[in-house]
>>> print(open('target.json').read())   # JSON, C-alpha atoms
[["chain", "number", "residue", "atom", "x", "y", "z"],
["H", 22, "MET", "CA", 197.81, -42.38, 161.12],
["H", 23, "VAL", "CA", 196.71, -43.42, 157.64],
["H", 24, "ARG", "CA", 196.57, -40.63, 155.09],
["H", 25, "ILE", "CA", 193.27, -40.51, 153.22],
["H", 26, "THR", "CA", 193.31, -39.00, 149.74],
["H", 27, "PHE", "CA", 190.16, -38.11, 147.84],
["H", 28, "GLU", "CA", 190.54, -37.92, 144.07],
["H", 29, "PRO", "CA", 187.11, -37.42, 142.53],
["H", 30, "THR", "CA", 186.11, -38.51, 139.07],
["H", 31, "ASN", "CA", 186.85, -35.77, 136.57],
["H", 32, "GLU", "CA", 185.37, -37.31, 133.42],
["H", 33, "VAL", "CA", 182.76, -39.89, 132.43],
["H", 34, "VAL", "CA", 182.93, -41.25, 128.90],
["H", 35, "ILE", "CA", 179.60, -42.72, 127.79],
["H", 36, "HIS", "CA", 179.79, -44.89, 124.69],
["H", 37, "ASP", "CA", 176.01, -45.24, 124.16],
["H", 38, "VAL", "CA", 172.96, -43.62, 125.72],
["H", 39, "VAL", "CA", 169.36, -44.76, 125.23],
["H", 40, "SER", "CA", 166.10, -43.30, 126.49],
["H", 41, "VAL", "CA", 163.75, -46.19, 127.35],
["H", 42, "GLY", "CA", 160.47, -46.74, 129.14],
["H", 43, "VAL", "CA", 160.36, -47.49, 132.85],
["H", 44, "ASP", "CA", 159.19, -51.09, 132.28],
["H", 45, "ASP", "CA", 162.16, -51.74, 129.99],
["H", 46, "LEU", "CA", 164.51, -50.37, 132.64],
["H", 47, "LEU", "CA", 162.93, -52.67, 135.21],
["H", 48, "ARG", "CA", 163.14, -55.69, 132.87],
["H", 49, "GLU", "CA", 166.85, -55.19, 132.27],
["H", 50, "ARG", "CA", 167.51, -55.41, 136.01],
["H", 51, "VAL", "CA", 165.82, -58.81, 136.44],
["H", 52, "THR", "CA", 168.39, -61.64, 136.34],
["H", 53, "PRO", "CA", 168.17, -65.36, 137.10],
["H", 54, "ALA", "CA", 169.93, -64.63, 140.41],
["H", 55, "GLY", "CA", 167.50, -61.86, 141.42],
["H", 56, "THR", "CA", 167.22, -58.18, 140.68],
["H", 57, "MET", "CA", 169.82, -55.45, 140.50],
["H", 58, "PRO", "CA", 168.95, -51.92, 141.67],
["H", 59, "LEU", "CA", 168.39, -48.88, 139.50],
["H", 60, "TYR", "CA", 169.57, -45.38, 140.30],
["H", 61, "TRP", "CA", 167.50, -42.21, 140.68],
["H", 62, "CYS", "CA", 168.81, -38.65, 140.70],
["H", 63, "ASN", "CA", 167.26, -35.28, 139.77],
["H", 64, "GLY", "CA", 164.08, -36.82, 138.36],
["H", 65, "ILE", "CA", 165.91, -39.37, 136.20],
["H", 66, "LEU", "CA", 165.82, -43.15, 136.68],
["H", 67, "PHE", "CA", 168.84, -44.83, 135.09],
["H", 68, "SER", "CA", 171.23, -47.73, 134.85],
["H", 69, "PHE", "CA", 174.71, -47.99, 133.43],
["H", 70, "SER", "CA", 177.09, -50.74, 132.45],
["H", 71, "SER", "CA", 180.84, -50.47, 132.73],
["H", 72, "LEU", "CA", 183.44, -51.70, 130.30],
["H", 73, "PRO", "CA", 185.59, -54.71, 131.23],
["H", 74, "LEU", "CA", 188.59, -53.69, 133.33],
["H", 75, "THR", "CA", 191.42, -53.90, 130.84],
["H", 76, "ASP", "CA", 194.83, -52.40, 131.65],
["H", 77, "GLU", "CA", 193.92, -49.25, 129.69],
["H", 78, "ILE", "CA", 190.55, -48.83, 131.40],
["H", 79, "VAL", "CA", 192.12, -49.30, 134.85],
["H", 80, "LYS", "CA", 194.71, -46.61, 134.01],
["H", 81, "ASP", "CA", 191.87, -44.25, 133.07],
["H", 82, "TYR", "CA", 190.00, -45.04, 136.31],
["H", 83, "VAL", "CA", 193.09, -44.23, 138.36],
["H", 84, "ARG", "CA", 193.32, -40.89, 136.54],
["H", 85, "GLY", "CA", 189.65, -40.11, 137.31],
["H", 86, "LYS", "CA", 188.20, -41.05, 133.93],
["H", 87, "ILE", "CA", 185.31, -43.55, 133.99],
["H", 88, "HIS", "CA", 184.05, -45.43, 130.93],
["H", 89, "TRP", "CA", 180.43, -46.56, 130.74],
["H", 90, "LEU", "CA", 179.47, -48.78, 127.83],
["H", 91, "GLU", "CA", 175.78, -47.83, 128.04],
["H", 92, "VAL", "CA", 173.44, -45.61, 129.99],
["H", 93, "HIS", "CA", 169.71, -46.35, 129.86],
["H", 94, "TYR", "CA", 167.38, -43.79, 131.36],
["H", 95, "THR", "CA", 163.84, -42.45, 131.68],
["H", 96, "LYS", "CA", 162.16, -39.56, 133.43],
["H", 97, "MET", "CA", 160.75, -40.26, 136.88],
["H", 98, "PRO", "CA", 159.96, -36.97, 138.66],
["H", 99, "ASP", "CA", 159.48, -38.41, 142.15],
["H", 100, "TYR", "CA", 161.75, -40.83, 143.97],
["H", 101, "LYS", "CA", 160.29, -44.19, 145.01],
["H", 102, "PRO", "CA", 162.43, -46.74, 146.88],
["H", 103, "VAL", "CA", 160.88, -49.72, 145.03],
["H", 104, "LEU", "CA", 159.20, -50.15, 141.66],
["H", 105, "SER", "CA", 157.20, -53.23, 140.71],
["H", 106, "LEU", "CA", 156.97, -55.06, 137.41],
["H", 107, "ASN", "CA", 154.00, -57.35, 136.77],
["H", 108, "GLU", "CA", 154.35, -59.71, 133.82],
["H", 109, "GLU", "CA", 153.30, -63.26, 133.07],
["H", 110, "GLU", "CA", 156.87, -64.10, 132.13],
["H", 111, "TYR", "CA", 157.93, -63.67, 135.75],
["H", 112, "LYS", "CA", 154.84, -65.45, 137.15],
["H", 113, "GLY", "CA", 154.13, -62.65, 139.59],
["H", 114, "THR", "CA", 155.36, -59.31, 140.73],
["H", 115, "VAL", "CA", 159.05, -58.48, 140.63],
["H", 116, "ASN", "CA", 160.24, -55.63, 142.84],
["H", 117, "VAL", "CA", 163.30, -53.60, 141.88],
["H", 118, "ARG", "CA", 165.07, -51.42, 144.43],
["H", 119, "ILE", "CA", 165.75, -47.82, 143.50],
["H", 120, "ILE", "CA", 168.78, -46.10, 145.04],
["H", 121, "ASP", "CA", 168.59, -42.33, 145.51],
["H", 122, "THR", "CA", 172.01, -41.08, 144.44],
["H", 123, "SER", "CA", 171.16, -37.38, 144.58],
["H", 124, "ARG", "CA", 174.25, -36.71, 146.70],
["H", 125, "SER", "CA", 176.62, -38.12, 144.08],
["H", 126, "ASN", "CA", 178.36, -35.39, 142.09],
["H", 127, "VAL", "CA", 178.88, -37.79, 139.18],
["H", 128, "HIS", "CA", 175.23, -38.86, 139.07],
["H", 129, "SER", "CA", 174.00, -35.30, 139.53],
["H", 130, "ASP", "CA", 176.08, -34.05, 136.61],
["H", 131, "LEU", "CA", 175.09, -37.08, 134.52],
["H", 132, "THR", "CA", 171.36, -36.52, 135.02],
["H", 133, "LYS", "CA", 171.66, -32.81, 134.25],
["H", 134, "TRP", "CA", 173.38, -33.77, 131.01],
["H", 135, "LEU", "CA", 170.77, -36.45, 130.19],
["H", 136, "LYS", "CA", 168.02, -33.81, 130.53],
["H", 137, "THR", "CA", 169.66, -31.83, 127.70],
["H", 138, "LEU", "CA", 169.34, -34.71, 125.22],
["H", 139, "LYS", "CA", 166.50, -34.85, 122.76]]
>>> encode(input="target.json", output="C-alpha cells")
Amino acid sequence: MVRITFEPTNEVVIHDVVSVGVDDLLRERVTPAGTMPLYWCNGILFSFSSLPLTDEIVKDYVRGKIHWLEVHYTKMPDYKPVLSLNEEEYKGTVNVRIIDTSRSNVHSDLTKWLKTLK
C-alpha cells in the first residue's frame, strides 16, 4: 500500500497586494488563449500570481511556504459561478469562471487577512 502524507501549507508570503475593481480583475484574466478563472472565498474575489520556481522557491514550497508575487482582490459578497465583462475591445461579452474555494484553508485564511487591510 502507498503511504499518503499530507503536509499543509504553513505560510504564504505575499510580495504585493492590491485592491482593485471587479472589472479590472476580470480584465486581467482575459488572455489571447482564453480566460483564466478567478477565486472566491468569504466574500472576496481574488487572483494571485506565483513567483518563478527557482531552486530556493521550490525548497520553500517543500517546507510549506508559498510565495505569491501579487494578490489582486475586491469585495464580492455573494458567490457567482460566472461573471461577464462587456467591452468594445473584446468585441462582445467575455465570461470569466469563478471558483468557490471556501473549503481551502489557505484561501480562507487569506481572505480573512485581506478583510483587515485598509
>>> closest_atom_pairs(input="target.json", of="stretch 53-115 of chain H", to="stretch 30-43 of chain H", cutoff="10 Å", atoms="all atoms listed in the file", output="CSV")
residue,atom,partner,partner_atom,distance
H:Leu66,CA,H:Val43,CA,8.0
H:Phe67,CA,H:Ser40,CA,9.2
H:Phe69,CA,H:Val38,CA,9.0
H:Ser70,CA,H:Ile35,CA,9.6
H:Ser71,CA,H:Ile35,CA,9.3
H:Leu72,CA,H:His36,CA,9.5
H:Asp81,CA,H:Glu32,CA,9.5
H:Tyr82,CA,H:Thr30,CA,8.1
H:Val83,CA,H:Thr30,CA,9.1
H:Arg84,CA,H:Thr30,CA,8.0
H:Gly85,CA,H:Thr30,CA,4.3
H:Lys86,CA,H:Glu32,CA,4.7
H:Ile87,CA,H:Val33,CA,4.7
H:His88,CA,H:Val34,CA,4.8
H:Trp89,CA,H:Ile35,CA,4.9
H:Leu90,CA,H:His36,CA,5.0
H:Glu91,CA,H:Asp37,CA,4.7
H:Val92,CA,H:Val38,CA,4.7
H:His93,CA,H:Val39,CA,4.9
H:Tyr94,CA,H:Ser40,CA,5.1
H:Thr95,CA,H:Val41,CA,5.7
H:Lys96,CA,H:Val43,CA,8.2
H:Met97,CA,H:Val43,CA,8.3
H:Leu104,CA,H:Val43,CA,9.3
H:Leu106,CA,H:Val43,CA,9.5
>>> residues_around(input="target.json", residues="H:Pro102", least_positions_apart="5", cutoff="7 Å", atoms="all atoms listed in the file", output="list in words")
Arg118, Ile119 and Ile120 of chain H
>>> atom_distance(input="target.json", atom1="atom CA of H:Tyr60", atom2="atom CA of H:Asp121")
6.1 Å
>>> atom_distance(input="target.json", atom1="atom CA of H:Thr132", atom2="atom CA of H:Trp61")
8.9 Å
>>> atom_distance(input="target.json", atom1="atom CA of H:Arg50", atom2="atom CA of H:Glu110")
14.3 Å
>>> axis_aligned_box(input="target.json", around="stretch 110-116 of chain H", padding_each_side="8 Å", output="AutoDock Vina command-line options")
--center_x 157.2 --center_y -60.5 --center_z 137.5 --size_x 22.1 --size_y 25.8 --size_z 26.7
>>> residues_around(input="target.json", residues="H:Arg124", least_positions_apart="3", cutoff="10 Å", atoms="all atoms listed in the file", output="mmCIF file with C-alpha atoms, keeping the file's coordinate frame")
data_model
loop_
_atom_site.group_PDB
_atom_site.id
_atom_site.type_symbol
_atom_site.label_atom_id
_atom_site.label_comp_id
_atom_site.auth_asym_id
_atom_site.auth_seq_id
_atom_site.Cartn_x
_atom_site.Cartn_y
_atom_site.Cartn_z
ATOM 1 C CA CYS H 62 168.810 -38.650 140.700
ATOM 2 C CA ASN H 63 167.260 -35.280 139.770
ATOM 3 C CA ASP H 121 168.590 -42.330 145.510
ATOM 4 C CA VAL H 127 178.880 -37.790 139.180
ATOM 5 C CA HIS H 128 175.230 -38.860 139.070
ATOM 6 C CA SER H 129 174.000 -35.300 139.530
#
>>> residues_around(input="target.json", residues="H:Val117", least_positions_apart="4", cutoff="7 Å", atoms="all atoms listed in the file", output="ChimeraX atom specification")
/H:47,56-58,103-105
>>> decode(input="target.json", residues="stretch 39-62 of chain H", atoms="N, CA and C atoms", output="PDB file, in the first residue's frame")
ATOM      1  N   VAL H  39      -3.053  44.324  -3.918  1.00  0.00           N
ATOM      2  CA  VAL H  39      -3.723  45.491  -4.491  1.00  0.00           C
ATOM      3  C   VAL H  39      -5.224  45.266  -4.507  1.00  0.00           C
ATOM      4  N   SER H  40      -5.951  46.210  -3.947  1.00  0.00           N
ATOM      5  CA  SER H  40      -7.408  46.198  -4.035  1.00  0.00           C
ATOM      6  C   SER H  40      -7.795  46.857  -5.360  1.00  0.00           C
ATOM      7  N   VAL H  41      -8.573  46.160  -6.178  1.00  0.00           N
ATOM      8  CA  VAL H  41      -8.968  46.672  -7.495  1.00  0.00           C
ATOM      9  C   VAL H  41     -10.467  46.487  -7.684  1.00  0.00           C
ATOM     10  N   GLY H  42     -11.004  47.084  -8.716  1.00  0.00           N
ATOM     11  CA  GLY H  42     -12.411  46.908  -9.048  1.00  0.00           C
ATOM     12  C   GLY H  42     -12.645  45.571  -9.736  1.00  0.00           C
ATOM     13  N   VAL H  43     -13.881  45.126  -9.700  1.00  0.00           N
ATOM     14  CA  VAL H  43     -14.216  43.818 -10.278  1.00  0.00           C
ATOM     15  C   VAL H  43     -13.903  43.773 -11.777  1.00  0.00           C
ATOM     16  N   ASP H  44     -14.179  44.849 -12.511  1.00  0.00           N
ATOM     17  CA  ASP H  44     -13.883  44.855 -13.948  1.00  0.00           C
ATOM     18  C   ASP H  44     -12.385  44.704 -14.212  1.00  0.00           C
ATOM     19  N   ASP H  45     -11.559  45.337 -13.390  1.00  0.00           N
ATOM     20  CA  ASP H  45     -10.112  45.189 -13.563  1.00  0.00           C
ATOM     21  C   ASP H  45      -9.665  43.755 -13.280  1.00  0.00           C
ATOM     22  N   LEU H  46     -10.266  43.124 -12.273  1.00  0.00           N
ATOM     23  CA  LEU H  46      -9.957  41.719 -12.016  1.00  0.00           C
ATOM     24  C   LEU H  46     -10.336  40.863 -13.213  1.00  0.00           C
ATOM     25  N   LEU H  47     -11.499  41.115 -13.777  1.00  0.00           N
ATOM     26  CA  LEU H  47     -11.940  40.348 -14.945  1.00  0.00           C
ATOM     27  C   LEU H  47     -11.001  40.575 -16.124  1.00  0.00           C
ATOM     28  N   ARG H  48     -10.621  41.829 -16.375  1.00  0.00           N
ATOM     29  CA  ARG H  48      -9.733  42.147 -17.496  1.00  0.00           C
ATOM     30  C   ARG H  48      -8.397  41.422 -17.388  1.00  0.00           C
ATOM     31  N   GLU H  49      -7.879  41.313 -16.182  1.00  0.00           N
ATOM     32  CA  GLU H  49      -6.560  40.678 -16.045  1.00  0.00           C
ATOM     33  C   GLU H  49      -6.599  39.185 -16.329  1.00  0.00           C
ATOM     34  N   ARG H  50      -7.785  38.597 -16.340  1.00  0.00           N
ATOM     35  CA  ARG H  50      -7.906  37.164 -16.582  1.00  0.00           C
ATOM     36  C   ARG H  50      -8.194  36.827 -18.044  1.00  0.00           C
ATOM     37  N   VAL H  51      -8.330  37.853 -18.880  1.00  0.00           N
ATOM     38  CA  VAL H  51      -8.561  37.638 -20.312  1.00  0.00           C
ATOM     39  C   VAL H  51      -7.200  37.580 -20.996  1.00  0.00           C
ATOM     40  N   THR H  52      -6.936  36.469 -21.700  1.00  0.00           N
ATOM     41  CA  THR H  52      -5.665  36.287 -22.401  1.00  0.00           C
ATOM     42  C   THR H  52      -5.965  35.972 -23.868  1.00  0.00           C
ATOM     43  N   PRO H  53      -4.977  36.062 -24.735  1.00  0.00           N
ATOM     44  CA  PRO H  53      -5.209  35.688 -26.135  1.00  0.00           C
ATOM     45  C   PRO H  53      -5.687  34.245 -26.293  1.00  0.00           C
ATOM     46  N   ALA H  54      -5.324  33.384 -25.353  1.00  0.00           N
ATOM     47  CA  ALA H  54      -5.711  31.969 -25.435  1.00  0.00           C
ATOM     48  C   ALA H  54      -7.070  31.672 -24.800  1.00  0.00           C
ATOM     49  N   GLY H  55      -7.676  32.678 -24.172  1.00  0.00           N
ATOM     50  CA  GLY H  55      -8.958  32.473 -23.487  1.00  0.00           C
ATOM     51  C   GLY H  55      -8.947  33.174 -22.146  1.00  0.00           C
ATOM     52  N   THR H  56      -9.768  32.692 -21.237  1.00  0.00           N
ATOM     53  CA  THR H  56      -9.808  33.315 -19.919  1.00  0.00           C
ATOM     54  C   THR H  56      -9.320  32.342 -18.852  1.00  0.00           C
ATOM     55  N   MET H  57      -8.778  32.914 -17.796  1.00  0.00           N
ATOM     56  CA  MET H  57      -8.363  32.133 -16.643  1.00  0.00           C
ATOM     57  C   MET H  57      -9.356  32.424 -15.520  1.00  0.00           C
ATOM     58  N   PRO H  58      -9.640  31.463 -14.666  1.00  0.00           N
ATOM     59  CA  PRO H  58     -10.633  31.687 -13.616  1.00  0.00           C
ATOM     60  C   PRO H  58     -10.128  32.605 -12.503  1.00  0.00           C
ATOM     61  N   LEU H  59     -11.072  33.148 -11.773  1.00  0.00           N
ATOM     62  CA  LEU H  59     -10.796  33.879 -10.541  1.00  0.00           C
ATOM     63  C   LEU H  59     -11.243  33.006  -9.376  1.00  0.00           C
ATOM     64  N   TYR H  60     -10.846  33.388  -8.191  1.00  0.00           N
ATOM     65  CA  TYR H  60     -11.209  32.638  -6.997  1.00  0.00           C
ATOM     66  C   TYR H  60     -12.113  33.482  -6.106  1.00  0.00           C
ATOM     67  N   TRP H  61     -13.056  32.818  -5.440  1.00  0.00           N
ATOM     68  CA  TRP H  61     -13.952  33.489  -4.494  1.00  0.00           C
ATOM     69  C   TRP H  61     -13.946  32.717  -3.187  1.00  0.00           C
ATOM     70  N   CYS H  62     -13.840  33.464  -2.086  1.00  0.00           N
ATOM     71  CA  CYS H  62     -13.875  32.849  -0.759  1.00  0.00           C
ATOM     72  C   CYS H  62     -14.257  33.923   0.253  1.00  0.00           C
TER      73      CYS H  62
END
